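Trainee: Pasting model-v4.pdb below, which is PDB, C-alpha atoms.
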MODEL        1
ATOM      1  CA  MET Q   1      15.676  10.701   4.045
ATOM      2  CA  GLY Q   2      14.804   7.768   1.841
ATOM      3  CA  TYR Q   3      18.331   6.335   1.838
ATOM      4  CA  GLY Q   4      19.492   3.051   3.324
ATOM      5  CA  TYR Q   5      17.631  -0.174   4.019
ATOM      6  CA  PHE Q   6      15.433  -1.502   6.778
ATOM      7  CA  ASN Q   7      17.249  -4.256   8.674
ATOM      8  CA  THR Q   8      14.443  -6.264  10.247
ATOM      9  CA  THR Q   9      16.881  -8.414  12.229
ATOM     10  CA  SER Q  10      18.444  -5.397  13.939
ATOM     11  CA  SER Q  11      15.026  -3.905  14.630
ATOM     12  CA  ALA Q  12      13.842  -7.172  16.172
ATOM     13  CA  THR Q  13      16.955  -7.414  18.337
ATOM     14  CA  ARG Q  14      16.368  -3.927  19.737
ATOM     15  CA  ALA Q  15      12.713  -4.729  20.418
ATOM     16  CA  ARG Q  16      13.584  -7.936  22.280
ATOM     17  CA  ALA Q  17      16.220  -6.137  24.349
ATOM     18  CA  ARG Q  18      13.754  -3.427  25.373
ATOM     19  CA  MET Q  19      11.067  -5.916  26.329
ATOM     20  CA  ALA Q  20      13.528  -8.076  28.277
ATOM     21  CA  SER Q  21      14.816  -5.102  30.269
ATOM     22  CA  GLY Q  22      11.498  -3.316  30.634
ATOM     23  CA  ALA Q  23      13.027  -0.203  29.088
ATOM     24  CA  SER Q  24      10.952   2.183  27.008
ATOM     25  CA  ALA Q  25      12.007   3.459  23.610
ATOM     26  CA  PHE Q  26      10.394   6.798  24.445
ATOM     27  CA  GLY Q  27      13.006   8.380  26.659
ATOM     28  CA  TYR Q  28      12.613  11.693  24.872
ATOM     29  CA  SER Q  29       8.960  11.914  25.889
ATOM     30  CA  ALA Q  30       9.902  11.184  29.509
ATOM     31  CA  ARG Q  31      12.444  14.006  29.428
ATOM     32  CA  ALA Q  32       9.871  16.347  27.900
ATOM     33  CA  HIS Q  33       7.350  15.515  30.624
ATOM     34  CA  ALA Q  34      10.079  16.178  33.205
ATOM     35  CA  GLY Q  35      10.749  19.591  31.670
ATOM     36  CA  SER Q  36      14.302  18.803  30.538
ATOM     37  CA  ALA Q  37      13.448  18.793  26.810
ATOM     38  CA  PRO Q  38      10.942  20.685  24.651
ATOM     39  CA  ALA Q  39       7.658  18.850  24.097
ATOM     40  CA  LEU Q  40       8.069  18.979  20.326
ATOM     41  CA  HIS Q  41      11.297  17.450  19.067
ATOM     42  CA  PRO Q  42      12.897  19.723  16.416
ATOM     43  CA  THR Q  43      12.881  16.980  13.768
ATOM     44  CA  LEU Q  44       9.104  16.553  14.176
ATOM     45  CA  ASP Q  45       8.270  20.268  14.203
ATOM     46  CA  LEU Q  46       6.303  21.114  11.066
ATOM     47  CA  THR Q  47       6.608  24.849  11.676
ATOM     48  CA  ARG Q  48      10.351  24.485  11.059
ATOM     49  CA  LYS Q  49       9.787  22.573   7.833
ATOM     50  CA  PRO Q  50       6.126  22.678   6.742
ATOM     51  CA  ARG Q  51       6.356  19.796   4.277
ATOM     52  CA  ARG Q  52       7.361  16.162   4.201
ATOM     53  CA  GLU Q  53       8.695  14.186   1.232
ATOM     54  CA  SER Q  54       9.061  10.598   0.073
ATOM     55  CA  ARG Q  55      11.461  10.523  -2.869
ATOM     56  CA  ASP Q  56      13.084   7.942  -5.102
ATOM     57  CA  SER Q  57      16.812   7.485  -4.605
ATOM     58  CA  ALA Q  58      19.643   5.170  -5.527
ATOM     59  CA  ASP Q  59      18.498   2.965  -2.635
ATOM     60  CA  SER Q  60      14.754   3.361  -3.331
ATOM     61  CA  LEU Q  61      14.198   3.336  -7.063
ATOM     62  CA  HIS Q  62      10.404   2.964  -6.705
ATOM     63  CA  SER Q  63       9.563   4.482  -3.333
ATOM     64  CA  THR Q  64       6.313   3.570  -1.572
ATOM     65  CA  PRO Q  65       5.329   5.983   1.233
ATOM     66  CA  ILE Q  66       3.639   4.582   4.342
ATOM     67  CA  ALA Q  67       2.583   6.907   7.180
ATOM     68  CA  VAL Q  68       1.428   5.745  10.626
ATOM     69  CA  LEU Q  69      -0.126   8.418  12.829
ATOM     70  CA  CYS Q  70      -0.945   7.589  16.452
ATOM     71  CA  ASP Q  71      -3.431   9.399  18.647
ATOM     72  CA  VAL Q  72      -1.399   9.908  21.835
ATOM     73  CA  THR Q  73      -4.148  11.309  24.073
ATOM     74  CA  GLY Q  74      -5.125   9.556  27.295
ATOM     75  CA  SER Q  75      -4.418   5.814  27.376
ATOM     76  CA  MET Q  76      -3.801   5.928  23.613
ATOM     77  CA  SER Q  77      -0.311   7.224  24.422
ATOM     78  CA  ASN Q  78       0.671   3.574  24.990
ATOM     79  CA  ILE Q  79       0.149   2.661  21.335
ATOM     80  CA  PRO Q  80       3.505   3.933  19.946
ATOM     81  CA  GLU Q  81       5.272   1.431  22.231
ATOM     82  CA  LEU Q  82       3.300  -1.382  20.570
ATOM     83  CA  VAL Q  83       4.155  -0.004  17.153
ATOM     84  CA  ILE Q  84       7.908   0.217  17.731
ATOM     85  CA  ASN Q  85       8.071  -3.286  19.254
ATOM     86  CA  ASP Q  86       6.250  -4.884  16.301
ATOM     87  CA  LEU Q  87       7.738  -2.671  13.594
ATOM     88  CA  HIS Q  88      10.181  -5.366  12.458
ATOM     89  CA  LYS Q  89       7.279  -7.737  11.772
ATOM     90  CA  LEU Q  90       5.454  -5.120   9.697
ATOM     91  CA  MET Q  91       8.541  -4.406   7.620
ATOM     92  CA  ARG Q  92       9.445  -8.107   7.319
ATOM     93  CA  LEU Q  93       6.042  -8.797   5.744
ATOM     94  CA  ILE Q  94       6.441  -5.930   3.289
ATOM     95  CA  LEU Q  95      10.079  -6.588   2.408
ATOM     96  CA  ASP Q  96      10.319 -10.389   2.478
ATOM     97  CA  GLY Q  97       6.908 -10.751   0.869
ATOM     98  CA  LYS Q  98       7.804  -8.137  -1.759
ATOM     99  CA  VAL Q  99       4.333  -6.700  -1.185
ATOM    100  CA  VAL Q 100       5.229  -3.170  -2.322
ATOM    101  CA  PRO Q 101       8.567  -1.859  -3.593
ATOM    102  CA  ASP Q 102      10.980   0.252  -1.549
ATOM    103  CA  PRO Q 103       8.823   1.166   1.477
ATOM    104  CA  GLN Q 104       9.562   4.460   3.199
ATOM    105  CA  ILE Q 105       7.823   4.886   6.548
ATOM    106  CA  ALA Q 106       6.972   7.995   8.568
ATOM    107  CA  PHE Q 107       5.494   8.289  12.055
ATOM    108  CA  GLY Q 108       3.420  11.013  13.649
ATOM    109  CA  ALA Q 109       1.459  11.840  16.796
ATOM    110  CA  ILE Q 110      -2.005  13.398  17.014
ATOM    111  CA  GLY Q 111      -3.541  15.327  19.910
ATOM    112  CA  ASP Q 112      -6.069  18.116  20.333
ATOM    113  CA  ALA Q 113      -5.357  21.593  18.959
ATOM    114  CA  ASN Q 114      -7.836  23.068  21.443
ATOM    115  CA  SER Q 115      -6.081  21.791  24.548
ATOM    116  CA  ASP Q 116      -2.707  20.153  23.849
ATOM    117  CA  SER Q 117       0.720  21.674  23.365
ATOM    118  CA  VAL Q 118       1.551  19.324  20.467
ATOM    119  CA  PRO Q 119      -1.606  18.480  18.482
ATOM    120  CA  PHE Q 120       0.340  17.146  15.493
ATOM    121  CA  ALA Q 121       3.961  16.093  15.064
ATOM    122  CA  LEU Q 122       5.376  14.274  12.040
ATOM    123  CA  GLY Q 123       8.739  12.731  11.249
ATOM    124  CA  GLU Q 124      10.410  12.178   7.898
ATOM    125  CA  PHE Q 125       9.880   9.245   5.530
ATOM    126  CA  GLU Q 126      12.743   6.812   6.069
ATOM    127  CA  SER Q 127      13.926   3.560   4.506
ATOM    128  CA  ASP Q 128      16.537   2.916   7.204
ATOM    129  CA  ASP Q 129      15.441   1.093  10.374
ATOM    130  CA  VAL Q 130      17.511   3.185  12.811
ATOM    131  CA  LYS Q 131      16.324   6.497  11.361
ATOM    132  CA  ALA Q 132      12.687   5.413  11.192
ATOM    133  CA  GLU Q 133      12.716   4.209  14.813
ATOM    134  CA  ALA Q 134      14.427   7.429  15.925
ATOM    135  CA  HIS Q 135      11.571   9.563  14.578
ATOM    136  CA  LEU Q 136       9.030   7.286  16.249
ATOM    137  CA  ALA Q 137      10.931   7.329  19.553
ATOM    138  CA  ASN Q 138      11.054  11.146  19.519
ATOM    139  CA  LEU Q 139       7.266  11.497  19.648
ATOM    140  CA  PHE Q 140       5.921  13.327  22.690
ATOM    141  CA  LEU Q 141       3.355  11.039  24.314
ATOM    142  CA  GLU Q 142       1.372  13.920  25.721
ATOM    143  CA  GLY Q 143      -1.606  12.006  27.065
ATOM    144  CA  GLY Q 144      -3.820  15.088  27.040
ATOM    145  CA  GLY Q 145      -6.931  15.366  24.901
ATOM    146  CA  GLY Q 146      -9.912  17.626  25.027
ATOM    147  CA  GLY Q 147     -12.429  15.350  26.735
ATOM    148  CA  GLN Q 148     -15.220  15.921  24.201
ATOM    149  CA  SER Q 149     -15.008  12.822  21.952
ATOM    150  CA  CYS Q 150     -12.993  14.720  19.306
ATOM    151  CA  GLU Q 151      -9.298  15.041  18.496
ATOM    152  CA  SER Q 152      -7.555  17.019  15.759
ATOM    153  CA  TYR Q 153      -7.411  14.329  13.068
ATOM    154  CA  GLU Q 154      -8.528  16.923  10.537
ATOM    155  CA  LEU Q 155      -5.117  18.651  10.677
ATOM    156  CA  PRO Q 156      -3.100  15.667   9.378
ATOM    157  CA  LEU Q 157      -5.764  14.919   6.769
ATOM    158  CA  TRP Q 158      -5.370  18.431   5.347
ATOM    159  CA  PHE Q 159      -1.586  18.367   5.666
ATOM    160  CA  PHE Q 160      -1.240  15.042   3.839
ATOM    161  CA  GLY Q 161      -3.505  16.255   1.082
ATOM    162  CA  ASN Q 162      -1.510  19.428   0.527
ATOM    163  CA  HIS Q 163       2.005  19.402   1.983
ATOM    164  CA  VAL Q 164       3.310  15.838   1.785
ATOM    165  CA  HIS Q 165       5.035  15.362  -1.555
ATOM    166  CA  THR Q 166       5.883  11.940  -2.986
ATOM    167  CA  ASP Q 167       7.488  10.661  -6.147
ATOM    168  CA  ALA Q 168       4.958   7.829  -5.978
ATOM    169  CA  TRP Q 169       2.175  10.320  -6.712
ATOM    170  CA  GLU Q 170       3.997  13.004  -8.674
ATOM    171  CA  LYS Q 171       5.879  10.644 -11.015
ATOM    172  CA  ARG Q 172       3.622   7.586 -11.177
ATOM    173  CA  ARG Q 173       0.190   8.602  -9.878
ATOM    174  CA  GLU Q 174       0.493   5.911  -7.207
ATOM    175  CA  LYS Q 175      -1.132   6.490  -3.859
ATOM    176  CA  GLY Q 176       0.749   6.141  -0.610
ATOM    177  CA  PHE Q 177      -0.682   4.587   2.564
ATOM    178  CA  LEU Q 178      -1.938   6.708   5.455
ATOM    179  CA  PHE Q 179      -3.007   4.985   8.681
ATOM    180  CA  ILE Q 180      -4.613   7.001  11.483
ATOM    181  CA  ILE Q 181      -4.884   5.133  14.783
ATOM    182  CA  GLY Q 182      -7.517   6.888  16.856
ATOM    183  CA  ASP Q 183     -10.568   6.284  19.031
ATOM    184  CA  GLU Q 184     -12.469   9.581  18.726
ATOM    185  CA  SER Q 185     -14.032  11.778  16.044
ATOM    186  CA  PRO Q 186     -12.269  14.390  13.944
ATOM    187  CA  TYR Q 187     -13.337  17.994  14.357
ATOM    188  CA  SER Q 188     -15.681  19.212  11.629
ATOM    189  CA  THR Q 189     -13.435  22.057  10.456
ATOM    190  CA  VAL Q 190      -9.761  22.641   9.701
ATOM    191  CA  ARG Q 191      -9.228  25.939  11.501
ATOM    192  CA  ARG Q 192      -6.893  28.194   9.552
ATOM    193  CA  ALA Q 193      -5.426  29.716  12.719
ATOM    194  CA  GLN Q 194      -4.729  26.305  14.259
ATOM    195  CA  ALA Q 195      -3.108  25.018  11.087
ATOM    196  CA  ARG Q 196      -0.883  28.087  10.832
ATOM    197  CA  LYS Q 197       0.165  27.784  14.476
ATOM    198  CA  HIS Q 198       0.915  24.062  14.528
ATOM    199  CA  LEU Q 199       1.732  23.169  10.913
ATOM    200  CA  GLY Q 200       3.438  26.328   9.707
ATOM    201  CA  VAL Q 201       1.066  26.380   6.708
ATOM    202  CA  ALA Q 202      -2.686  26.799   6.418
ATOM    203  CA  PRO Q 203      -5.582  26.822   3.983
ATOM    204  CA  SER Q 204      -6.639  30.244   2.728
ATOM    205  CA  GLU Q 205      -9.720  30.003   4.958
ATOM    206  CA  ASP Q 206     -11.328  27.561   7.358
ATOM    207  CA  LEU Q 207     -11.955  24.296   5.500
ATOM    208  CA  SER Q 208     -14.547  21.591   6.058
ATOM    209  CA  LEU Q 209     -13.483  18.167   7.292
ATOM    210  CA  GLU Q 210     -15.068  16.608   4.198
ATOM    211  CA  ALA Q 211     -12.932  18.742   1.882
ATOM    212  CA  ALA Q 212      -9.759  17.930   3.821
ATOM    213  CA  ALA Q 213     -10.546  14.210   3.737
ATOM    214  CA  ARG Q 214     -11.152  14.320   0.010
ATOM    215  CA  GLN Q 215      -7.824  16.071  -0.585
ATOM    216  CA  ALA Q 216      -6.018  13.404   1.432
ATOM    217  CA  GLN Q 217      -7.754  10.546  -0.359
ATOM    218  CA  GLU Q 218      -6.844  11.893  -3.769
ATOM    219  CA  LYS Q 219      -3.188  11.009  -3.040
ATOM    220  CA  TRP Q 220      -3.360   8.460  -0.214
ATOM    221  CA  GLU Q 221      -5.031   5.185   0.687
ATOM    222  CA  VAL Q 222      -6.467   6.440   3.981
ATOM    223  CA  PHE Q 223      -7.518   4.198   6.869
ATOM    224  CA  CYS Q 224      -8.689   4.778  10.422
ATOM    225  CA  ILE Q 225      -7.921   1.971  12.887
ATOM    226  CA  ARG Q 226     -10.076   2.254  16.020
ATOM    227  CA  PRO Q 227      -8.575   0.429  19.034
ATOM    228  CA  GLY Q 228     -10.785  -1.428  21.489
ATOM    229  CA  GLY Q 229     -10.944  -0.852  25.218
ATOM    230  CA  THR Q 230     -11.446   2.882  24.810
ATOM    231  CA  SER Q 231     -14.395   5.039  25.841
ATOM    232  CA  TYR Q 232     -15.670   5.503  22.286
ATOM    233  CA  PHE Q 233     -14.856   2.137  20.698
ATOM    234  CA  ALA Q 234     -18.532   1.107  20.563
ATOM    235  CA  ASP Q 235     -19.857   4.646  20.039
ATOM    236  CA  LYS Q 236     -21.910   4.616  16.833
ATOM    237  CA  GLY Q 237     -21.733   8.384  16.511
ATOM    238  CA  VAL Q 238     -17.934   8.352  16.547
ATOM    239  CA  ARG Q 239     -17.774   5.550  13.999
ATOM    240  CA  ASP Q 240     -20.315   7.346  11.812
ATOM    241  CA  SER Q 241     -18.168  10.491  11.880
ATOM    242  CA  TRP Q 242     -15.445   8.464  10.153
ATOM    243  CA  THR Q 243     -17.650   6.582   7.704
ATOM    244  CA  LYS Q 244     -18.990   9.923   6.488
ATOM    245  CA  ILE Q 245     -15.516  10.745   5.161
ATOM    246  CA  LEU Q 246     -14.000   7.299   4.521
ATOM    247  CA  PRO Q 247     -15.455   4.143   2.964
ATOM    248  CA  SER Q 248     -16.820   1.932   5.737
ATOM    249  CA  GLU Q 249     -14.342  -0.882   5.009
ATOM    250  CA  ARG Q 250     -11.526   1.573   5.720
ATOM    251  CA  VAL Q 251     -12.742   2.301   9.242
ATOM    252  CA  ILE Q 252     -11.426  -0.780  11.015
ATOM    253  CA  GLN Q 253     -12.290  -1.903  14.539
ATOM    254  CA  ALA Q 254      -9.296  -3.516  16.303
ATOM    255  CA  ALA Q 255     -10.728  -4.902  19.536
ATOM    256  CA  ASP Q 256      -7.304  -6.112  20.703
ATOM    257  CA  TRP Q 257      -4.520  -3.510  20.638
ATOM    258  CA  GLN Q 258      -2.088  -6.250  19.629
ATOM    259  CA  GLN Q 259      -3.918  -6.287  16.284
ATOM    260  CA  ILE Q 260      -2.961  -2.729  15.343
ATOM    261  CA  VAL Q 261       0.418  -3.326  13.704
ATOM    262  CA  PRO Q 262      -0.602  -6.601  12.004
ATOM    263  CA  GLN Q 263      -3.700  -4.758  10.775
ATOM    264  CA  ILE Q 264      -1.468  -2.236   9.022
ATOM    265  CA  ALA Q 265       0.702  -4.974   7.531
ATOM    266  CA  ALA Q 266      -2.255  -6.991   6.276
ATOM    267  CA  THR Q 267      -4.002  -3.942   4.835
ATOM    268  CA  VAL Q 268      -0.967  -3.046   2.739
ATOM    269  CA  SER Q 269      -0.812  -6.658   1.555
ATOM    270  CA  VAL Q 270      -4.479  -6.799   0.544
ATOM    271  CA  LEU Q 271      -4.315  -3.496  -1.323
ATOM    272  CA  ALA Q 272      -1.202  -4.751  -3.089
ATOM    273  CA  GLY Q 273      -3.342  -7.515  -4.561
ATOM    274  CA  GLU Q 274      -2.544 -10.423  -2.237
ATOM    275  CA  SER Q 275      -5.421 -12.747  -1.351
ATOM    276  CA  LEU Q 276      -6.483 -13.078   2.263
ATOM    277  CA  ASP Q 277      -5.004 -16.597   2.358
ATOM    278  CA  ASP Q 278      -1.670 -15.373   1.006
ATOM    279  CA  THR Q 279      -1.784 -12.405   3.372
ATOM    280  CA  ALA Q 280      -2.341 -14.759   6.313
ATOM    281  CA  ALA Q 281       0.649 -16.840   5.224
ATOM    282  CA  LEU Q 282       2.828 -13.736   4.966
ATOM    283  CA  MET Q 283       1.711 -12.573   8.415
ATOM    284  CA  THR Q 284       2.554 -15.940   9.968
ATOM    285  CA  ALA Q 285       5.963 -15.989   8.299
ATOM    286  CA  SER Q 286       6.601 -12.480   9.620
ATOM    287  CA  GLY Q 287       6.106 -13.573  13.230
ATOM    288  CA  PHE Q 288       2.486 -12.650  14.034
ATOM    289  CA  ASP Q 289       0.689 -15.247  16.147
ATOM    290  CA  ARG Q 290      -2.039 -17.456  14.706
ATOM    291  CA  ALA Q 291      -4.929 -15.938  16.698
ATOM    292  CA  THR Q 292      -3.988 -12.419  15.620
ATOM    293  CA  VAL Q 293      -3.628 -13.498  11.997
ATOM    294  CA  GLY Q 294      -7.108 -15.024  12.054
ATOM    295  CA  ALA Q 295      -8.743 -11.985  13.643
ATOM    296  CA  VAL Q 296      -7.046  -9.504  11.341
ATOM    297  CA  THR Q 297      -7.748 -11.333   8.091
ATOM    298  CA  LYS Q 298     -11.392 -11.748   9.112
ATOM    299  CA  SER Q 299     -11.681  -7.997   9.739
ATOM    300  CA  LEU Q 300     -10.283  -7.303   6.247
ATOM    301  CA  LEU Q 301     -12.885  -9.348   4.379
ATOM    302  CA  PRO Q 302     -14.952  -6.229   3.465
ATOM    303  CA  LEU Q 303     -11.826  -4.495   2.127
ATOM    304  CA  ALA Q 304     -10.760  -7.578   0.143
ATOM    305  CA  GLN Q 305     -14.209  -7.725  -1.442
ATOM    306  CA  THR Q 306     -14.160  -4.094  -2.578
ATOM    307  CA  ALA Q 307     -10.475  -3.364  -3.231
ATOM    308  CA  VAL Q 308      -9.450  -2.845  -6.819
ATOM    309  CA  PRO Q 309      -6.118  -4.557  -7.600
ATOM    310  CA  MET Q 310      -3.291  -2.025  -7.568
ATOM    311  CA  ALA Q 311      -1.573  -3.144 -10.754
ATOM    312  CA  THR Q 312      -3.941  -1.996 -13.487
ATOM    313  CA  GLY Q 313      -1.475  -0.806 -16.096
ATOM    314  CA  VAL Q 314      -3.634   2.286 -16.536
ATOM    315  CA  SER Q 315      -1.663   5.360 -15.553
ATOM    316  CA  GLY Q 316      -3.804   8.153 -14.125
ATOM    317  CA  SER Q 317      -6.961   6.073 -14.440
ATOM    318  CA  ALA Q 318     -10.199   7.997 -14.064
ATOM    319  CA  LEU Q 319     -11.980   4.973 -12.635
ATOM    320  CA  VAL Q 320     -13.710   5.526  -9.318
ATOM    321  CA  ARG Q 321     -13.653   2.850  -6.627
ATOM    322  CA  ARG Q 322     -17.112   1.881  -5.435
ATOM    323  CA  ILE Q 323     -17.483   3.047  -1.858
ATOM    324  CA  SER Q 324     -20.118   3.083   0.799
ATOM    325  CA  PRO Q 325     -23.139   5.395   0.737
ATOM    326  CA  GLY Q 326     -22.391   8.760   2.266
ATOM    327  CA  ALA Q 327     -18.671   8.573   1.591
ATOM    328  CA  LEU Q 328     -16.990  10.775  -0.962
ATOM    329  CA  ALA Q 329     -16.156   9.319  -4.381
ATOM    330  CA  ILE Q 330     -12.378   9.445  -4.644
ATOM    331  CA  PRO Q 331     -10.606   9.175  -8.021
ATOM    332  CA  ARG Q 332      -8.596   5.953  -8.039
ATOM    333  CA  ALA Q 333      -4.835   6.070  -8.550
ATOM    334  CA  THR Q 334      -2.730   3.325 -10.048
ATOM    335  CA  ARG Q 335      -0.332   1.494  -7.744
ATOM    336  CA  LEU Q 336       2.447  -0.745  -9.039
TER
ENDMDL
END
How does this structure look as structure tokens?

Mentor:
Amino acid sequence: MGYGYFNTTSSATRARARMASGASAFGYSARAHAGSAPALHPTLDLTRKPRRESRDSADSLHSTPIAVLCDVTGSMSNIPELVINDLHKLMRLILDGKVVPDPQIAFGAIGDANSDSVPFALGEFESDDVKAEAHLANLFLEGGGGGQSCESYELPLWFFGNHVHTDAWEKRREKGFLFIIGDESPYSTVRRAQARKHLGVAPSEDLSLEAAARQAQEKWEVFCIRPGGTSYFADKGVRDSWTKILPSERVIQAADWQQIVPQIAATVSVLAGESLDDTAALMTASGFDRATVGAVTKSLLPLAQTAVPMATGVSGSALVRRISPGALAIPRATRL
């Protein structure tokens, strides 16, 4: 974990080969659906190891944790395929553009703790392209869901606020990046029994969604990307459920699913202090098409207008970022 380097050329070659052959990277999920493998891959099972870590190493002297969590209910189960095929472009922007130092990326899947067998699975933070893709490819694309406009996003929010440990935060008071790709609302409560069953750890009692979101935002730059073409994309109530716990500019509508990975790349760039023009140039150089670049940078205008530059030189600053009415005030961490 945390050792090695991300080879964007090798990652791109694998992606092109898969797309040319029509093969899926998610053979493990197919075997799990066929009953020849357990639904939850052992390396993603939090009950076996109820913590995740992003640590500095000889290869990552200044580690930057980035987590991408995909809702895999219903048609959303197709999104991890988009992520793995565009992963080399995301990492090329970060690495070639020197946007943040020593990125370590982790992938997870979100379902519904009331109805699904695997409501939350999470891999390790990796710097190496083969290892990172292996965790992503081992996700179980369950395709279930509860059918009531909610999924269990509250579980990862609580887990990231309490059981993901990073040298970025613990040594330098730098926040990591947490992206949740989902189309529905989080449940209003972190249920202690559900957390214990699926995460291996739990709060001392049931915890409100607002408290869990605040805990996550104390250590992470948290975003929700809402993909278009889903039943709840235009649902004001669902969007409002997110803007009650996150600043409105961090709840991002991605009408075209092809915008999801470039949205992540551009968001990291903007929070790292790059202008929208420079971010657009980095996206183009990384291989994203012109139409996507234009749509994504336009959607990030509210974030660019409110984001505080990461490099402040003030360790452990007590400044509070101005956020939208109704959202919680989150103490701001330093970045680079």

Trainee: Using the chain letters and numbering of this document, enumerate as a ChimeraX atom specification the residues selected by the PyMOL selection byres ((chain Q and resi 229) around 9).

Mentor: /Q:227-228,230-233,255-257

Trainee: Any chance you could tabulate, as JSON lines, the residues of region 172-279 of chain Q at most 6 Å from region 69-92 of chain Q with each one's nearest atom pair and distance in Å to one decimal, using all atoms listed in the file, in chain and rising number order?

Mentor:
{"residue": "Q:Ile180", "atom": "CA", "partner": "Q:Leu69", "partner_atom": "CA", "distance": 4.9}
{"residue": "Q:Ile181", "atom": "CA", "partner": "Q:Cys70", "partner_atom": "CA", "distance": 4.9}
{"residue": "Q:Gly182", "atom": "CA", "partner": "Q:Asp71", "partner_atom": "CA", "distance": 5.1}
{"residue": "Q:Ala265", "atom": "CA", "partner": "Q:Leu90", "partner_atom": "CA", "distance": 5.2}

Trainee: Restricting the calculation to all atoms listed in the file, which member of Q:Asp278, Q:Glu210, Q:Asp240, Q:Asp112 is positioned closest to Gly144 (chain Q)?

Mentor: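 Closest candidate: Q:Asp112.
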
Trainee: Record the distance separating CA of Ser54 (chain Q) and CA of Leu301 (chain Q), expressed in Å with one decimal.

Mentor: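 Separating CA of Ser54 (chain Q) from CA of Leu301 (chain Q) is a distance of 30.0 Å.
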
Trainee: Tell me which of Q:Gly176, Q:Pro302, Q:Pro186, Q:Pro119 sits closest to Gln148 (chain Q), counting all atoms listed in the file.

Mentor: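 For Gln148 (chain Q), the nearest of the candidates is Q:Pro186.
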
Trainee: Using the chain letters and numbers from the file, which residues does the PyMOL selection byres ((chain Q and resi 188-192) around 8) grab, as a list in words?

Mentor: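 Applied to this file, the PyMOL selection byres ((chain Q and resi 188-192) around 8) returns Glu154, Leu155, Trp158, Pro186, Tyr187, Ala193, Gln194, Ala195, Arg196, Ala202, Pro203, Ser204, Glu205, Asp206, Leu207, Ser208, Leu209, Glu210 and Ala212 of chain Q.
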
Trainee: Mind writing the picked residues with C-alpha atoms as a JSON list (two decimals), in the frame of the given file?

Mentor:
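The result, stored in part_7.json:
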[["chain", "number", "residue", "atom", "x", "y", "z"],
["Q", 154, "GLU", "CA", -8.53, 16.92, 10.54],
["Q", 155, "LEU", "CA", -5.12, 18.65, 10.68],
["Q", 158, "TRP", "CA", -5.37, 18.43, 5.35],
["Q", 186, "PRO", "CA", -12.27, 14.39, 13.94],
["Q", 187, "TYR", "CA", -13.34, 17.99, 14.36],
["Q", 193, "ALA", "CA", -5.43, 29.72, 12.72],
["Q", 194, "GLN", "CA", -4.73, 26.30, 14.26],
["Q", 195, "ALA", "CA", -3.11, 25.02, 11.09],
["Q", 196, "ARG", "CA", -0.88, 28.09, 10.83],
["Q", 202, "ALA", "CA", -2.69, 26.80, 6.42],
["Q", 203, "PRO", "CA", -5.58, 26.82, 3.98],
["Q", 204, "SER", "CA", -6.64, 30.24, 2.73],
["Q", 205, "GLU", "CA", -9.72, 30.00, 4.96],
["Q", 206, "ASP", "CA", -11.33, 27.56, 7.36],
["Q", 207, "LEU", "CA", -11.96, 24.30, 5.50],
["Q", 208, "SER", "CA", -14.55, 21.59, 6.06],
["Q", 209, "LEU", "CA", -13.48, 18.17, 7.29],
["Q", 210, "GLU", "CA", -15.07, 16.61, 4.20],
["Q", 212, "ALA", "CA", -9.76, 17.93, 3.82]]

Trainee: Can you list, as a PyMOL selection string, every protein, DNA or RNA residue that comes within 8 Å of Glu151 (chain Q) when you count only C-alpha atoms, leaving out same-chain residues fewer than 2 positions away?

Mentor: chain Q and resi 110-113+145-146+149+153+184-187

Trainee: Rank nothing, just name the residue among Q:Ala34, Q:Leu40, Q:Trp169, Q:Ser21 nearest to Glu53 (chain Q), using only C-alpha atoms.

Mentor: Q:Trp169

Trainee: Mind pulling up the distance from CA of Arg172 (chain Q) to CA of Leu95 (chain Q)?

Mentor: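 Interatomic distance, CA of Leu95 (chain Q) to CA of Arg172 (chain Q): 20.7 Å.
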
Trainee: Nearest to Glu126 (chain Q): which of Q:His62, Q:Arg55, Q:His198, Q:Arg16 is it, counting all atoms listed in the file?

Mentor: Q:Arg55

Trainee: Just say which residues the PyMOL selection byres ((chain Q and resi 270) around 10) picks in this file, as a list in words.

Mentor: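 Applied to this file, the PyMOL selection byres ((chain Q and resi 270) around 10) returns Val99, Ala265, Ala266, Thr267, Val268, Ser269, Leu271, Ala272, Gly273, Glu274, Ser275, Leu276, Asp277, Asp278, Thr279, Thr297, Leu300, Leu301, Leu303, Ala304, Gln305, Ala307, Val308, Pro309 and Met310 of chain Q.
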
Trainee: Separation of CA of Asp289 (chain Q) and CA of Gly27 (chain Q), in Å?

Mentor: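 Those two atoms sit 28.6 Å apart.
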
Trainee: Would you list the residues near (13.3, 0.1, -1.3), meaning any protein, DNA or RNA residue with an atom at most 9 Å from that point in file coordinates, counting all atoms listed in the file, as an MDAnalysis selection string?

Mentor: chainID Q and resid 2:6 56:57 59:64 95 100:104 127

Trainee: Quick one: residues within 9 Å of (-8.7, 7.1, 3.5) (file frame), counting all atoms listed in the file, please, as a VMD selection string.

Mentor: chain Q and resid 157 177 to 180 213 to 214 216 to 218 220 to 224 245 to 247 250 to 251

Trainee: Please report as CSV every residue of region 120-166 of chain Q lying within 10 Å of region 47-50 of chain Q, along with the nearest atom pair and their distance in Å (one decimal), using all atoms listed in the file.

Mentor:
residue,atom,partner,partner_atom,distance
Q:Ala121,CA,Q:Thr47,CA,9.8
Q:Leu122,CA,Q:Pro50,CA,10.0
Q:Phe159,CA,Q:Pro50,CA,8.9
Q:His163,CA,Q:Pro50,CA,7.1
Q:Val164,CA,Q:Pro50,CA,8.9

Trainee: Using all atoms listed in the file, find the one residue out of Q:Gln253, Q:Gln258, Q:Gly97, Q:Val68 that sits nearest to Met283 (chain Q).

Mentor: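 Smallest distance to Met283 (chain Q) is found for Q:Gly97.
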